[in-house]
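Have a look at structure-v9.cif below; it lists mmCIF, C-alpha atoms and all ligand atoms.
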```cif
data_protein
#
loop_
_atom_site.label_atom_id
_atom_site.label_comp_id
_atom_site.auth_asym_id
_atom_site.auth_seq_id
_atom_site.Cartn_x
_atom_site.Cartn_y
_atom_site.Cartn_z
CA MET A 214 0.00 0.00 0.00
CA ARG A 215 1.35 3.40 -0.90
CA ARG A 216 1.31 5.70 2.11
CA SER A 217 1.25 9.45 2.05
CA LYS A 218 4.55 11.17 2.82
CA ALA A 219 2.89 14.45 3.68
CA PRO A 220 4.32 14.76 7.22
CA GLN A 221 7.88 14.09 6.06
CA ILE A 222 7.62 16.46 3.11
CA SER A 223 6.05 19.18 5.26
CA PHE A 224 8.75 19.01 7.91
CA ILE A 225 11.48 19.02 5.27
CA VAL A 226 9.90 22.12 3.69
CA SER A 227 9.82 23.71 7.16
CA ILE A 228 13.48 22.85 7.84
CA VAL A 229 14.65 24.14 4.45
CA SER A 230 12.65 27.35 4.90
CA GLY A 231 13.97 27.86 8.44
CA LEU A 232 17.54 27.42 7.26
CA GLY A 233 16.78 29.70 4.30
CA LEU A 234 15.62 32.34 6.77
CA LEU A 235 18.92 32.07 8.64
CA VAL A 236 20.84 32.58 5.42
CA VAL A 237 18.69 35.46 4.13
CA TYR A 238 18.72 37.23 7.48
CA SER A 239 22.44 36.86 8.05
CA THR A 240 23.23 38.20 4.57
CA GLY A 241 21.37 41.44 5.07
CA GLY A 242 17.71 40.43 4.81
CA GLN A 243 15.08 40.83 2.13
CA PRO A 244 11.58 41.49 3.53
CA GLN A 245 9.54 39.80 0.77
CA LEU A 246 11.72 36.70 0.74
CA GLU A 247 11.72 36.55 4.53
CA GLY A 248 7.91 36.74 4.52
CA LEU A 249 7.71 33.89 2.01
CA LEU A 250 10.15 31.75 4.00
CA TRP A 251 8.31 32.42 7.25
CA PHE A 252 5.12 31.28 5.52
CA TYR A 253 6.65 28.00 4.31
CA ALA A 254 8.45 27.37 7.62
CA LEU A 255 5.29 27.80 9.69
CA ALA A 256 2.93 26.21 7.16
CA GLY A 257 5.26 23.19 6.82
CA LEU A 258 5.35 22.84 10.59
CA GLY A 259 1.58 23.11 10.89
CA VAL A 260 0.76 20.76 8.03
CA GLY A 261 3.40 18.29 9.25
CA ILE A 262 1.97 18.21 12.76
CA ILE A 263 -1.61 17.80 11.55
CA THR A 264 -0.93 15.12 8.95
CA GLY A 265 1.55 13.35 11.22
CA THR A 266 -0.92 13.31 14.07
CA LYS A 267 -3.66 11.92 11.84
CA LYS A 268 -1.41 9.30 10.39
CA TYR A 269 0.53 8.07 13.37
CA LEU A 270 -1.67 8.56 16.39
CA PRO A 271 -4.54 6.12 17.05
CA ASN A 272 -7.86 7.43 15.86
CA GLU A 273 -10.26 5.61 18.11
CA GLU A 274 -12.32 6.33 21.17
CA THR A 275 -11.40 4.30 24.22
CA VAL A 276 -12.83 4.21 27.68
CA GLU A 277 -10.61 3.42 30.58
CA ASP A 278 -11.55 2.89 34.20
CA ARG A 279 -10.04 5.32 36.61
CA HIS A 280 -7.03 3.92 38.37
CA THR A 281 -3.90 5.23 40.01
CA LEU A 282 -2.30 7.78 37.72
CA ALA A 283 1.27 6.57 37.86
CA SER A 284 2.07 3.72 35.49
CA SER A 285 3.72 0.66 36.89
CA ASP A 286 7.12 -0.39 35.62
CA ALA A 287 5.48 -3.25 33.78
CA GLU A 288 3.01 -0.91 32.06
CA MET A 289 5.79 1.45 31.02
CA ALA A 290 7.84 -1.44 29.66
CA ALA A 291 4.79 -2.70 27.76
CA ALA A 292 4.12 0.76 26.32
CA ARG A 293 7.75 1.07 25.28
CA SER A 294 7.74 -2.25 23.59
CA ASP A 295 4.39 -1.45 21.95
CA PHE A 296 5.81 1.78 20.61
CA PHE A 297 8.87 0.17 19.12
CA ARG A 298 7.16 -3.12 18.34
CA THR A 299 8.05 -4.64 15.03
CA GLY A 300 5.97 -7.25 13.40
CA SER A 301 4.97 -7.49 9.81
CA ASP A 302 7.00 -5.65 7.20
CA GLU A 303 4.34 -2.99 7.05
CA GLU A 304 4.36 -2.43 10.82
CA GLU A 305 8.12 -2.26 10.80
CA GLU A 306 8.05 0.29 8.02
CA LEU A 307 5.47 2.32 9.90
CA ALA A 308 7.59 2.35 13.07
CA GLY A 309 10.60 3.52 11.06
CA GLU A 310 8.56 6.27 9.48
CA ARG A 311 7.31 7.36 12.87
CA ARG A 312 10.83 7.76 14.15
CA THR A 313 11.85 9.67 11.04
CA VAL A 314 8.89 11.99 11.36
CA LEU A 315 9.73 12.67 15.02
CA ARG A 316 13.30 13.51 14.10
CA LEU A 317 12.13 15.78 11.28
CA LEU A 318 9.75 17.53 13.67
CA VAL A 319 12.64 18.20 16.06
CA GLY A 320 14.72 19.44 13.11
CA ALA A 321 11.95 21.78 11.94
CA LEU A 322 11.53 23.25 15.42
CA ALA A 323 15.29 23.68 15.79
CA ALA A 324 15.62 25.44 12.40
CA LEU A 325 12.72 27.72 13.23
CA GLY A 326 14.15 28.42 16.69
CA GLY A 327 17.46 29.42 15.11
CA ALA A 328 15.68 31.72 12.65
CA LEU A 329 13.74 33.29 15.52
CA LEU A 330 16.98 34.33 17.21
CA PHE A 331 18.16 36.44 14.29
CA PRO A 332 15.57 39.26 14.52
CA ILE A 333 17.28 40.18 17.81
CA ARG A 334 19.87 41.83 15.55
CA SER A 335 17.14 44.17 14.28
CA LEU A 336 16.75 45.73 17.73
CA GLY A 337 19.72 47.94 16.87
CA PRO A 338 22.71 48.98 18.94
CA HIS A 339 22.60 48.82 22.72
CA PRO A 340 21.89 52.34 24.03
CA SER A 341 24.21 51.77 27.03
CA GLN A 342 24.31 55.01 29.07
CA ASP A 343 23.29 57.27 26.18
CA LEU A 344 19.79 57.82 27.55
CA ARG A 345 21.08 58.73 31.00
CA GLU A 346 23.99 61.03 30.20
CA THR A 347 24.49 64.25 28.24
CA ASP A 348 27.70 65.98 27.19
CA PHE A 349 27.62 68.28 30.20
CA ALA A 350 30.31 67.61 32.80
CA GLU A 351 32.24 69.53 35.43
CA GLY A 352 33.80 72.67 33.93
CA VAL A 353 32.12 72.36 30.50
CA ARG A 354 31.09 75.81 29.32
CA LEU A 355 27.54 76.62 28.31
CA VAL A 356 27.46 78.05 24.80
CA THR A 357 24.79 79.51 22.53
CA VAL A 358 23.68 77.69 19.39
CA ASP A 359 26.46 79.41 17.40
CA GLY A 360 29.07 78.08 19.84
CA SER A 361 29.75 81.32 21.73
CA PRO A 362 30.46 80.89 25.47
CA ILE A 363 27.91 82.64 27.68
CA LYS A 364 29.20 85.38 29.98
CA SER A 365 27.84 85.68 33.50
CA ASP A 366 26.56 89.22 32.82
CA GLN A 367 25.04 88.47 29.43
CA LEU A 368 21.43 88.07 30.59
CA GLY A 369 19.20 90.65 32.20
CA VAL A 370 16.62 89.69 34.83
CA GLY A 371 13.84 87.69 33.21
CA GLU A 372 15.86 86.88 30.11
CA LEU A 373 16.79 83.41 28.99
CA VAL A 374 18.90 81.73 26.35
CA THR A 375 19.09 78.22 24.98
CA ALA A 376 22.48 76.79 25.86
CA PHE A 377 24.46 73.69 24.90
CA PRO A 378 27.63 72.03 26.18
CA GLU A 379 30.66 73.52 24.41
CA GLY A 380 31.48 71.51 21.29
CA HIS A 381 28.09 69.77 21.21
CA THR A 382 25.62 72.32 19.88
CA ARG A 383 23.86 69.65 17.82
CA ALA A 384 23.38 67.17 20.68
CA ALA A 385 19.64 66.42 20.79
CA ASP A 386 19.62 65.66 24.53
CA SER A 387 21.46 68.79 25.64
CA PRO A 388 19.36 71.93 24.94
CA THR A 389 19.25 73.77 28.23
CA LEU A 390 17.44 76.91 29.29
CA LEU A 391 19.68 79.35 31.12
CA ILE A 392 17.46 81.86 32.91
CA ARG A 393 18.26 84.90 34.99
CA PHE A 394 15.50 84.68 37.55
CA ASN A 395 13.88 87.32 39.70
CA GLU A 396 15.62 86.96 43.06
CA ASP A 397 12.52 88.20 44.92
CA ASN A 398 10.45 85.21 43.82
CA PHE A 399 12.95 82.41 43.32
CA ILE A 400 13.03 79.59 45.88
CA PRO A 401 15.86 77.11 45.30
CA ILE A 402 15.18 73.43 45.87
CA GLY A 403 16.43 72.32 49.27
CA GLY A 404 20.03 71.08 48.96
CA ARG A 405 20.47 72.80 45.59
CA GLU A 406 21.13 76.31 46.84
CA ASP A 407 24.59 76.28 45.21
CA TRP A 408 23.34 74.93 41.87
CA VAL A 409 22.54 78.48 40.76
CA ALA A 410 25.16 81.08 39.81
CA GLU A 411 24.91 84.86 40.04
CA GLY A 412 21.12 84.86 39.75
CA MET A 413 20.99 82.29 36.95
CA VAL A 414 19.51 78.82 36.93
CA ALA A 415 19.61 76.14 34.21
CA TYR A 416 16.96 73.55 33.36
CA SER A 417 16.67 71.01 30.58
CA LYS A 418 14.67 72.38 27.67
CA ILE A 419 13.25 68.95 26.81
CA CYS A 420 9.69 68.55 28.07
CA THR A 421 9.23 65.64 30.45
CA HIS A 422 5.89 64.82 28.81
CA ALA A 423 6.74 64.04 25.21
CA ALA A 424 10.08 65.75 24.56
CA CYS A 425 8.98 68.94 22.83
CA GLY A 426 11.16 72.01 23.34
CA VAL A 427 9.90 74.07 26.29
CA GLY A 428 10.57 77.61 25.23
CA LEU A 429 7.79 80.05 26.11
CA TYR A 430 8.72 82.02 29.24
CA GLN A 431 6.52 84.44 31.14
CA ASN A 432 8.85 86.63 33.12
CA VAL A 433 6.11 88.09 35.32
CA THR A 434 4.85 84.73 36.56
CA GLY A 435 8.11 82.82 36.18
CA LEU A 436 6.31 80.12 34.19
CA LEU A 437 7.73 78.10 31.32
CA LEU A 438 5.20 76.75 28.82
CA CYS A 439 5.53 73.80 26.51
CA PRO A 440 3.79 74.62 23.21
CA CYS A 441 2.85 71.02 22.43
CA HIS A 442 0.32 70.18 25.16
CA GLN A 443 0.55 73.22 27.40
CA SER A 444 2.51 71.71 30.27
CA THR A 445 3.57 74.57 32.51
CA PHE A 446 6.68 74.55 34.70
CA ASP A 447 7.37 76.94 37.55
CA VAL A 448 10.93 78.27 37.29
CA ASN A 449 10.70 79.71 40.80
CA ASP A 450 9.75 76.32 42.25
CA GLY A 451 12.31 73.89 40.83
CA CYS A 452 10.51 73.80 37.45
CA ARG A 453 7.91 71.48 38.85
CA PRO A 454 4.85 71.10 36.56
CA SER A 455 1.91 73.22 37.68
CA PHE A 456 -0.39 72.47 34.74
CA GLY A 457 -0.72 70.04 31.82
CA PRO A 458 0.16 66.40 31.23
CA ALA A 459 3.82 66.47 32.35
CA THR A 460 4.30 64.85 35.75
CA ARG A 461 8.02 65.39 36.35
CA ALA A 462 9.98 68.57 36.90
CA LEU A 463 12.43 69.67 34.22
CA PRO A 464 15.85 68.32 35.31
CA GLN A 465 18.12 71.02 36.74
CA LEU A 466 21.71 71.46 35.61
CA PRO A 467 24.08 72.61 38.37
CA ILE A 468 26.01 75.65 37.12
CA ALA A 469 28.83 77.93 38.28
CA ILE A 470 30.95 80.78 36.90
CA ASP A 471 34.53 79.99 35.91
CA SER A 472 37.61 82.16 36.52
CA GLU A 473 37.09 83.96 33.19
CA GLY A 474 33.50 84.86 33.98
CA PHE A 475 31.83 82.25 31.74
CA VAL A 476 28.93 80.03 32.79
CA VAL A 477 30.01 76.40 33.25
CA ALA A 478 28.35 73.19 34.38
CA GLN A 479 29.28 71.78 37.79
CA ALA A 480 28.37 68.29 36.58
CA ASP A 481 26.00 66.49 34.23
CA TYR A 482 22.26 66.44 34.92
CA PRO A 483 21.60 64.29 37.99
CA GLU A 484 18.85 62.36 36.18
CA PRO A 485 17.90 61.42 32.59
CA VAL A 486 16.43 64.31 30.60
CA GLY A 487 13.20 64.07 28.63
CA PRO A 488 10.14 61.87 29.08
CA GLY A 489 10.05 58.81 31.31
CA TYR A 490 11.01 55.48 29.83
CA TRP A 491 10.72 51.85 30.74
CA ASP A 492 13.46 51.43 33.35
CA ARG A 493 13.58 54.84 34.95
CA THR A 494 13.70 54.42 38.71
CA ASN A 495 10.85 55.79 40.80
CA ASN A 496 12.57 58.98 41.86
CA THR A 497 13.90 59.93 38.41
S1 LIG B 501 5.43 67.59 25.07
FE1 LIG B 501 5.32 69.17 26.47
S2 LIG B 501 3.33 69.09 27.18
FE2 LIG B 501 3.44 67.43 25.84
#
```
Could you quickly redo this structure as structure tokens?
Amino acid sequence: MRRSKAPQISFIVSIVSGLGLLVVYSTGGQPQLEGLLWFYALAGLGVGIITGTKKYLPNEETVEDRHTLASSDAEMAAARSDFFRTGSDEEEELAGERRTVLRLLVGALAALGGALLFPIRSLGPHPSQDLRETDFAEGVRLVTVDGSPIKSDQLGVGELVTAFPEGHTRAADSPTLLIRFNEDNFIPIGGREDWVAEGMVAYSKICTHAACGVGLYQNVTGLLLCPCHQSTFDVNDGCRPSFGPATRALPQLPIAIDSEGFVVAQADYPEPVGPGYWDRTNNT
């Protein structure tokens, strides 16, 4: 009797497609070809399991009295010998096929598992500390967008300028608002009294809601407004949000004046700038 080879053929198709995926992915990838190979790898696996199950597993209803769940040694030995039993040529051939199909199934799953590992490469480079650090550091001058260092007497009360770390005026995580505040209203955060310099304070310009540039400043009220969703930050109160969807204060940059009278950073920001992300700790 001629028996169908559908399970074997399906698993072989799945294995070949899985290996094909490995090759295509490791040589640079090709979306359409990858899609096609994924289809054949998964379809081969599915068809192989269905046809193999129909062909090799008993298709009959049996009723068994309830008994202790664990099989005795004798029962396990009998089952083992039943499974590998050889008898007529046809039974022997069937047992051989069953073993081959099991091996092919393992091969198909292994090839697919290997192909599944490769998309990890598509996650891109590890960000390491890039999301937590900016180019500010102790002694780094604050400069305007054209690279000019900012003098301590450059700003009048209520004026502000967007500053960057010297040499990094294009760094997306570094725009900083340097503000000369009104000393009558300003209340420094406890423990940060020396983070301001000659009436100036510096906060990250990147909104903690969704990273727009916070740039609208009302000198009279001391409020900074984000134009995107109207989050409002109080410069005189540690830039804590007083309105809108932002929930975190704008990070403060500790600043000082160097021996030549230029504004410098005392250190980097003490916390990541911008919106919250997945592994930010509770207090940052
Ligand atoms: S990005 Fe600033 S309020 Fe939404």
Best match for closeness to ligand LIG 501 (chain B) among A:Thr421, A:Thr313, A:Thr347, A:Ser365, counting all atoms listed in the file: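 Nearest candidate to ligand LIG 501 (chain B) out of A:Thr421, A:Thr313, A:Thr347, A:Ser365: A:Thr421.
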Using only C-alpha atoms and all ligand atoms, what are the residues with an atom within 6 Å of ligand LIG 501 (chain B), set out as a list in words?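 Those within range of ligand LIG 501 (chain B) are Cys420, His422, Ala423, Ala424, Cys425, Cys439, Cys441, His442, Gln443, Ser444, Pro458 and Ala459 of chain A.
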At a cut-off of 9 Å, using all atoms listed in the file, what residues contact Leu344 (chain A)? Leave out same-chain residues fewer than 3 positions from it and give the result as a CSV table (one decimal) with C-alpha atoms, keeping the file's coordinate frame.
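Result file is out-v8.csv:
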```
chain,number,residue,atom,x,y,z
A,340,PRO,CA,21.9,52.3,24.0
A,341,SER,CA,24.2,51.8,27.0
A,347,THR,CA,24.5,64.2,28.2
A,386,ASP,CA,19.6,65.7,24.5
A,485,PRO,CA,17.9,61.4,32.6
A,486,VAL,CA,16.4,64.3,30.6
```
Separation of CA of Pro488 (chain A) and CA of Ile392 (chain A), in Å?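 Distance reported for this atom pair: 21.6 Å.
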Hey, can I get the axis-aligned box for region 229-237 of chain A? All listed atoms, 6 Å padding on each side, centre and edge lengths in Å to one decimal, as AutoDock Vina command-line options.
```
--center_x 16.7 --center_y 29.8 --center_z 6.4 --size_x 20.2 --size_y 23.3 --size_z 16.5
```
Taking the point (7.1, 90.9, 36.9) as given in the file, collect each protein or nucleic acid residue that comes within 10 Å of it, counting all atoms listed in the file, and present the set as number ranges by chain. A: 370-371, 395, 398, 431-435
For Ser239 (chain A), list every protein, DNA or RNA residue within 9 Å, evaluated using all atoms listed in the file, and leave out those in the same chain fewer than 4 positions away; present the list as a PyMOL selection string. chain A and resi 234-235+331
Can you work out which one of A:Leu373, A:Leu250, A:Phe394, A:Ile402 has the shortest atom-to-atom distance to Val229 (chain A), counting all atoms listed in the file?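 For Val229 (chain A), the nearest of the candidates is A:Leu250.
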Nearest residue to Ile400 (chain A) from the set A:Ser472, A:Ser335, A:Asn449, A:Gln243 (distances using only C-alpha atoms): A:Asn449
Counting all atoms listed in the file, which of A:Ile262, A:Val477, A:Leu368, A:Ile228 gets nearest to Ala323 (chain A)? A:Ile228
Out of A:Leu307, A:Ala256, A:Ala291, A:Val237, which residue has the shortest atom-to-atom distance to Lys218 (chain A) when counting only C-alpha atoms?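 For Lys218 (chain A), the nearest of the candidates is A:Leu307.
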My list of candidates is A:Ser227, A:Thr445, A:Ser217, A:Ser455. Which is closest to Trp251 (chain A) when distances are computed with all atoms listed in the file?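 Among the listed residues, the smallest separation from Trp251 (chain A) belongs to A:Ser227.
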Work out how far CA of Thr240 (chain A) is from CA of Arg316 (chain A), in Å to one decimal.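 That distance, rounded to one decimal, is 28.3 Å.
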With all atoms listed in the file as the counted atoms, please give the residues lying no more than 8 Å from Leu355 (chain A), apart from itself and same-chain residues fewer than 6 positions off, as a VMD selection string. chain A and resid 362 to 363 376 to 379 475 to 478
Skipping near chain neighbours, those fewer than 6 positions away, what residues fall within 9 Å of Ala328 (chain A) using all atoms listed in the file, listed as a ChimeraX atom specification? /A:231-236,238
Kindly export the residues of the current selection with C-alpha atoms, as an mmCIF file, in the coordinates of the input.
```cif
data_model
loop_
_atom_site.group_PDB
_atom_site.id
_atom_site.type_symbol
_atom_site.label_atom_id
_atom_site.label_comp_id
_atom_site.auth_asym_id
_atom_site.auth_seq_id
_atom_site.Cartn_x
_atom_site.Cartn_y
_atom_site.Cartn_z
ATOM 1 C CA GLY A 231 13.970 27.860 8.440
ATOM 2 C CA LEU A 232 17.540 27.420 7.260
ATOM 3 C CA GLY A 233 16.780 29.700 4.300
ATOM 4 C CA LEU A 234 15.620 32.340 6.770
ATOM 5 C CA LEU A 235 18.920 32.070 8.640
ATOM 6 C CA VAL A 236 20.840 32.580 5.420
ATOM 7 C CA TYR A 238 18.720 37.230 7.480
#
```
